[in-house]
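Shown below: data37.txt, with compact mmCIF, C-alpha atoms.
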```txt
# COMPACT_ATOMS: atom_id res chain seq x y z
CA MET L 1 39.80 -16.47 -22.81
CA PRO L 2 37.35 -15.26 -25.44
CA THR L 3 34.57 -16.97 -23.45
CA THR L 4 35.55 -15.09 -20.32
CA GLU L 5 35.61 -11.82 -22.20
CA LYS L 6 32.16 -12.49 -23.61
CA GLU L 7 30.76 -13.35 -20.17
CA THR L 8 32.26 -10.23 -18.68
CA GLU L 9 30.80 -8.15 -21.46
CA THR L 10 27.36 -9.71 -20.96
CA ASN L 11 27.44 -9.23 -17.21
CA THR L 12 28.44 -5.60 -17.61
CA LYS L 13 25.66 -5.09 -20.11
CA ASP L 14 23.13 -6.70 -17.75
CA ALA L 15 24.29 -4.54 -14.90
CA LEU L 16 24.08 -1.33 -16.88
CA GLU L 17 20.91 -1.78 -18.92
CA PRO L 18 17.42 -1.74 -17.47
CA GLY L 19 15.96 -5.19 -17.86
CA TYR L 20 13.25 -5.79 -15.25
CA LEU L 21 9.56 -5.06 -15.56
CA VAL L 22 7.52 -3.80 -12.63
CA ILE L 23 4.01 -5.20 -12.96
CA CYS L 24 0.88 -4.45 -10.99
CA TRP L 25 -1.86 -7.10 -10.94
CA ASN L 26 -5.59 -6.66 -10.55
CA ASP L 27 -7.46 -7.64 -7.41
CA PRO L 28 -11.02 -6.98 -6.27
CA VAL L 29 -10.12 -5.33 -2.98
CA ASN L 30 -8.01 -2.24 -3.69
CA TYR L 31 -10.00 0.87 -4.55
CA MET L 32 -9.38 2.42 -7.97
CA ASP L 33 -8.76 5.85 -6.43
CA TYR L 34 -6.31 4.31 -3.97
CA VAL L 35 -4.35 2.55 -6.74
CA THR L 36 -4.21 5.80 -8.74
CA HIS L 37 -2.98 7.66 -5.67
CA VAL L 38 -0.26 5.07 -4.99
CA PHE L 39 1.00 5.22 -8.59
CA GLN L 40 1.21 9.01 -8.34
CA VAL L 41 3.16 8.86 -5.08
CA VAL L 42 5.52 5.99 -5.96
CA PHE L 43 6.35 7.02 -9.54
CA GLY L 44 5.69 10.76 -9.33
CA TRP L 45 3.22 10.52 -12.22
CA ASN L 46 0.46 13.02 -12.89
CA ARG L 47 -3.11 11.87 -12.27
CA GLN L 48 -3.80 11.23 -15.95
CA LYS L 49 -0.91 8.78 -16.36
CA ALA L 50 -1.60 7.11 -13.04
CA GLU L 51 -5.28 6.64 -13.99
CA LYS L 52 -4.31 5.19 -17.37
CA HIS L 53 -2.25 2.47 -15.70
CA MET L 54 -4.86 1.90 -13.01
CA LEU L 55 -7.50 1.32 -15.69
CA GLU L 56 -5.15 -1.02 -17.52
CA VAL L 57 -4.80 -3.06 -14.34
CA HIS L 58 -8.57 -3.02 -13.86
CA ARG L 59 -9.48 -3.96 -17.46
CA ASN L 60 -6.59 -6.19 -18.53
CA GLY L 61 -5.70 -7.81 -15.23
CA LYS L 62 -2.26 -6.26 -15.10
CA SER L 63 -0.17 -3.31 -16.22
CA VAL L 64 3.54 -3.03 -16.86
CA LEU L 65 4.37 0.11 -14.92
CA THR L 66 8.03 0.58 -15.79
CA ARG L 67 11.18 -1.13 -17.06
CA GLU L 68 14.20 -0.61 -14.87
CA SER L 69 17.48 -2.00 -13.60
CA LEU L 70 17.08 -4.77 -11.04
CA GLU L 71 17.86 -2.50 -8.12
CA LYS L 72 15.34 0.16 -9.12
CA ALA L 73 12.69 -2.43 -9.99
CA GLU L 74 13.09 -4.05 -6.57
CA HIS L 75 12.74 -0.64 -4.97
CA TYR L 76 9.47 0.05 -6.83
CA VAL L 77 8.04 -3.38 -6.06
CA HIS L 78 8.85 -2.87 -2.40
CA GLN L 79 7.14 0.52 -2.45
CA LEU L 80 4.02 -0.87 -4.13
CA GLN L 81 3.88 -3.86 -1.78
CA SER L 82 4.19 -1.51 1.20
CA TYR L 83 0.84 -0.13 0.04
CA SER L 84 -0.48 -3.73 -0.18
CA LEU L 85 -0.78 -3.63 -3.96
CA HIS L 86 -0.12 -6.86 -5.82
CA ALA L 87 3.15 -6.00 -7.56
CA THR L 88 5.86 -8.19 -9.00
CA LEU L 89 8.98 -7.84 -11.08
CA GLU L 90 9.89 -9.94 -14.08
CA ARG L 91 13.02 -10.19 -16.13
CA ASP L 92 12.29 -8.59 -19.50
CA SER L 93 12.97 -11.25 -22.08
CA SER L 94 12.17 -9.03 -25.09
CA MET U 1 -14.81 12.30 9.13
CA LYS U 2 -14.06 15.86 8.05
CA LEU U 3 -10.97 17.87 7.30
CA VAL U 4 -10.33 20.56 9.91
CA ARG U 5 -7.11 21.98 8.54
CA ARG U 6 -4.08 21.08 6.47
CA ASN U 7 -0.78 22.90 6.19
CA ASP U 8 2.84 22.05 5.47
CA GLU U 9 3.30 20.55 8.92
CA GLU U 10 0.13 18.68 9.79
CA VAL U 11 -3.29 17.43 8.80
CA VAL U 12 -6.14 17.51 11.32
CA PHE U 13 -9.33 15.52 10.87
CA HIS U 14 -12.55 15.72 12.83
CA LEU U 15 -13.88 12.34 13.93
CA THR U 16 -17.18 11.61 15.58
CA ARG U 17 -16.99 9.52 18.75
CA SER U 18 -18.09 6.43 16.81
CA GLU U 19 -15.51 7.07 14.09
CA LYS U 20 -12.72 7.36 16.65
CA LYS U 21 -13.79 4.11 18.27
CA ALA U 22 -13.90 2.38 14.88
CA LEU U 23 -10.52 3.81 13.83
CA LEU U 24 -8.79 2.60 16.99
CA PHE U 25 -10.38 -0.81 16.54
CA ILE U 26 -8.96 -0.98 13.00
CA LEU U 27 -5.49 0.24 13.95
CA GLU U 28 -5.22 -2.25 16.80
CA ARG U 29 -5.58 -5.07 14.27
CA TYR U 30 -2.45 -4.03 12.32
CA PRO U 31 -0.63 -5.90 10.80
CA VAL U 32 -3.13 -8.24 9.20
CA LEU U 33 -1.74 -9.08 5.76
CA PRO U 34 0.86 -11.90 5.91
CA LEU U 35 4.28 -11.29 4.36
CA ASP U 36 3.97 -14.24 2.00
CA PHE U 37 0.66 -12.99 0.62
CA GLN U 38 2.23 -12.19 -2.71
CA PRO U 39 5.40 -13.40 -4.38
CA PRO U 40 7.76 -10.65 -5.55
CA SER U 41 7.93 -12.37 -8.94
CA ARG U 42 5.85 -14.77 -10.98
CA GLY U 43 6.85 -17.57 -13.32
CA ASP U 44 10.21 -19.23 -13.78
CA ASN U 45 12.22 -16.10 -14.55
CA PRO U 46 15.15 -17.96 -16.07
CA GLY U 47 18.43 -16.24 -15.26
CA SER U 48 16.67 -13.95 -12.82
CA LYS U 49 18.71 -12.32 -10.09
CA ILE U 50 15.63 -11.29 -8.13
CA ASP U 51 16.35 -11.60 -4.43
CA GLN U 52 13.02 -12.82 -3.08
CA THR U 53 14.32 -13.06 0.48
CA LEU U 54 15.59 -9.50 0.44
CA LEU U 55 12.22 -8.15 -0.73
CA ARG U 56 10.39 -10.10 1.97
CA GLU U 57 12.82 -8.88 4.62
CA MET U 58 12.35 -5.29 3.45
CA LEU U 59 8.59 -5.66 3.77
CA ALA U 60 8.93 -7.24 7.22
CA GLU U 61 11.14 -4.35 8.36
CA GLN U 62 8.64 -1.86 6.95
CA LYS U 63 5.84 -3.48 8.95
CA ARG U 64 7.96 -3.46 12.12
CA GLN U 65 8.55 0.27 11.64
CA ASN U 66 4.85 0.84 11.02
CA GLN U 67 3.98 -1.00 14.25
CA GLU U 68 6.48 1.09 16.18
CA PHE U 69 5.11 4.25 14.61
CA LEU U 70 1.59 3.21 15.54
CA ARG U 71 2.63 2.49 19.13
CA LYS U 72 4.19 5.96 19.42
CA LEU U 73 1.11 7.53 17.87
CA PHE U 74 -1.11 6.11 20.60
CA GLU U 75 1.29 7.39 23.27
CA GLN U 76 1.15 10.99 22.07
CA LYS U 77 -1.82 12.62 23.74
CA ASP U 78 -1.94 15.57 21.35
CA ARG U 79 -2.87 13.25 18.46
CA PHE U 80 -6.44 12.89 19.71
CA GLN U 81 -7.92 16.05 21.19
CA PRO U 82 -11.50 16.03 22.50
CA VAL U 83 -13.71 18.68 20.89
CA HIS U 84 -17.41 19.37 20.72
CA ASN U 85 -19.18 16.38 19.14
CA GLY U 86 -16.08 14.26 18.79
CA TRP U 87 -12.33 14.38 18.39
CA HIS U 88 -9.62 16.11 16.41
CA PHE U 89 -7.12 13.58 15.08
CA LYS U 90 -3.73 14.94 14.01
CA LEU U 91 -1.25 13.43 11.57
CA LEU U 92 2.05 15.07 10.69
CA ALA U 93 2.32 15.85 6.98
CA GLY U 94 4.81 13.03 6.33
CA GLU U 95 2.64 10.47 8.10
CA VAL U 96 -0.34 10.49 5.75
CA GLU U 97 1.13 7.97 3.30
CA TRP U 98 2.25 5.76 6.14
CA PHE U 99 -1.26 5.93 7.59
CA LEU U 100 -2.83 4.92 4.27
CA GLN U 101 -0.46 1.92 4.11
CA VAL U 102 -1.53 0.80 7.58
CA LEU U 103 -5.24 1.15 6.80
CA ASN U 104 -4.93 -0.72 3.52
CA ASP U 105 -2.92 -3.53 5.12
CA VAL U 106 -5.94 -4.09 7.34
CA ARG U 107 -8.39 -3.89 4.43
CA VAL U 108 -6.49 -6.30 2.17
CA GLY U 109 -5.53 -8.50 5.12
CA GLU U 110 -9.14 -8.96 6.24
CA TRP U 111 -10.12 -9.80 2.65
CA HIS U 112 -7.29 -12.34 2.61
CA LYS U 113 -8.46 -13.85 5.91
CA ALA U 114 -11.94 -14.19 4.42
CA GLY U 115 -10.49 -16.39 1.67
CA CYS U 116 -9.83 -13.76 -1.04
CA PRO U 117 -13.34 -13.83 -2.60
CA ASP U 118 -13.38 -12.73 -6.26
CA GLU U 119 -16.28 -10.41 -5.60
CA LEU U 120 -16.55 -8.37 -2.43
CA SER U 121 -20.30 -8.96 -2.42
CA LYS U 122 -19.42 -12.60 -1.77
CA MET U 123 -17.57 -11.89 1.47
CA PRO U 124 -18.72 -14.64 3.84
CA VAL U 125 -20.85 -13.44 6.75
CA ASN U 126 -21.99 -16.79 8.11
CA SER U 127 -20.13 -16.54 11.42
CA SER U 128 -19.15 -13.81 13.86
CA GLU U 129 -15.52 -14.21 12.77
CA ALA U 130 -16.43 -13.85 9.10
CA ARG U 131 -18.61 -10.83 9.85
CA GLY U 132 -15.66 -9.34 11.74
CA HIS U 133 -13.46 -9.63 8.63
CA ALA U 134 -16.14 -8.04 6.43
CA TRP U 135 -16.75 -5.23 8.92
CA ALA U 136 -13.05 -4.42 9.41
CA MET U 137 -12.54 -4.44 5.64
CA GLU U 138 -15.42 -2.02 5.11
CA ILE U 139 -14.43 0.32 7.92
CA SER U 140 -10.77 0.53 6.91
CA GLY U 141 -12.01 1.21 3.37
CA PHE U 142 -14.22 4.01 4.67
CA PHE U 143 -11.22 5.75 6.25
CA ILE U 144 -9.05 5.26 3.15
CA CYS U 145 -11.70 6.77 0.87
CA SER U 146 -12.43 9.61 3.28
CA ILE U 147 -8.77 10.59 3.58
CA LEU U 148 -8.19 10.48 -0.18
CA GLU U 149 -11.36 12.45 -0.87
CA LEU U 150 -10.67 15.08 1.77
CA LEU U 151 -7.06 15.61 0.73
CA ASN U 152 -7.94 15.79 -2.97
CA GLU U 153 -10.56 18.47 -2.37
CA ILE U 154 -7.86 21.03 -1.64
```
For this file, write the structure as structure tokens.
Amino acid sequence: MPTTEKETETNTKDALEPGYLVICWNDPVNYMDYVTHVFQVVFGWNRQKAEKHMLEVHRNGKSVLTRESLEKAEHYVHQLQSYSLHATLERDSS
Amino acid sequence: MKLVRRNDEEVVFHLTRSEKKALLFILERYPVLPLDFQPPSRGDNPGSKIDQTLLREMLAEQKRQNQEFLRKLFEQKDRFQPVHNGWHFKLLAGEVEWFLQVLNDVRVGEWHKAGCPDELSKMPVNSSEARGHAWAMEISGFFICSILELLNEI
């Protein structure tokens, strides 16, 4: 019984807490202005924040855009992929 | 390509005759980018609940809707109106983002078909097919940049 309780508690915690990272990866084909525009539209960011993440993608090869629940992270990845950006989601192990 | 007018309901662009011809050529290629081009996740993701199939199905449905939207666009005669020295091309306000998605699918898709070169200057042009990929990629890029530039000027 204690084991079951622990599992239930863990599952509830997983379901409630954001735990997935939305990551955008660099590629040579998407224009920088286009990537900035997409970030603004998908996340509702201002241009400054969108440009910061775009430059992070460009310079570091990737940028972690947000940390969300699975459902929200899937939604964002779908949105980004609809614009043909290279976006993935990862379970946040930290 | 120039901006004629933009209001809450619609955006109207002026296209030269050559630009209209090129735009239709690009749109007729859609969709180009394959669904399995990119995995929704990378690595092992131990304990992950990521539904890869669901994400792929959502993308496939999105592309089906885009194709249908594109088909309807071509059927509506008021979308392309002949004017002096070219055409007026009308998009409804809510269609601009959709249109950018379609154009960029072609751009990235043609790059993918060319073998995903690390540098765009290395796009192969050693055959008519390869030159077609490079041309379509450039032209779709021209329309993407033009739309973003014109809409950001306001």
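For the residues L:Ser94, L:Tyr83, L:Leu55, L:Ser63, ranking by smallest atom-to-atom distance to chain U using all atoms listed in the file places L:Tyr83 first.
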>> Here is a test: counting all atoms listed in the file, which residue of U:Leu33, U:Val96, U:Leu70, U:Cys145 is nearest to Cys116 (chain U)?
In response: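 Ranked by minimum distance to Cys116 (chain U), first place goes to U:Leu33.
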>> Between CA of Glu51 (chain L) and CA of Glu9 (chain U), what distance in Å does the model show, to one decimal?
In response: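 According to the coordinates, CA of Glu51 (chain L) and CA of Glu9 (chain U) are separated by 28.1 Å.
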>> Contacts from chain L to chain U, 12 Å maximum, only C-alpha atoms: show me the residue list as a ChimeraX atom specification.
In response: /L:11,14-15,19-38,40-42,47,69-93
>> Just the number, please: distance in Å from CA of Met1 (chain U) to CA of His14 (chain U), one decimal.
In response: 5.5 Å
>> One decimal, in Å: what's the spacing between CA of Val83 (chain U) and CA of Leu150 (chain U)?
In response: 19.7 Å
> If you count all atoms listed in the file, which residues fall within 10 Å of Arg17 (chain U), apart from same-chain ones fewer than 3 positions away, as a list of chain:residue names?
Replying inline: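 Everything that qualifies: U:His14, U:Lys20, U:Lys21, U:Ala22, U:Leu23, U:Pro82, U:Val83, U:Asn85, U:Gly86, U:Trp87.
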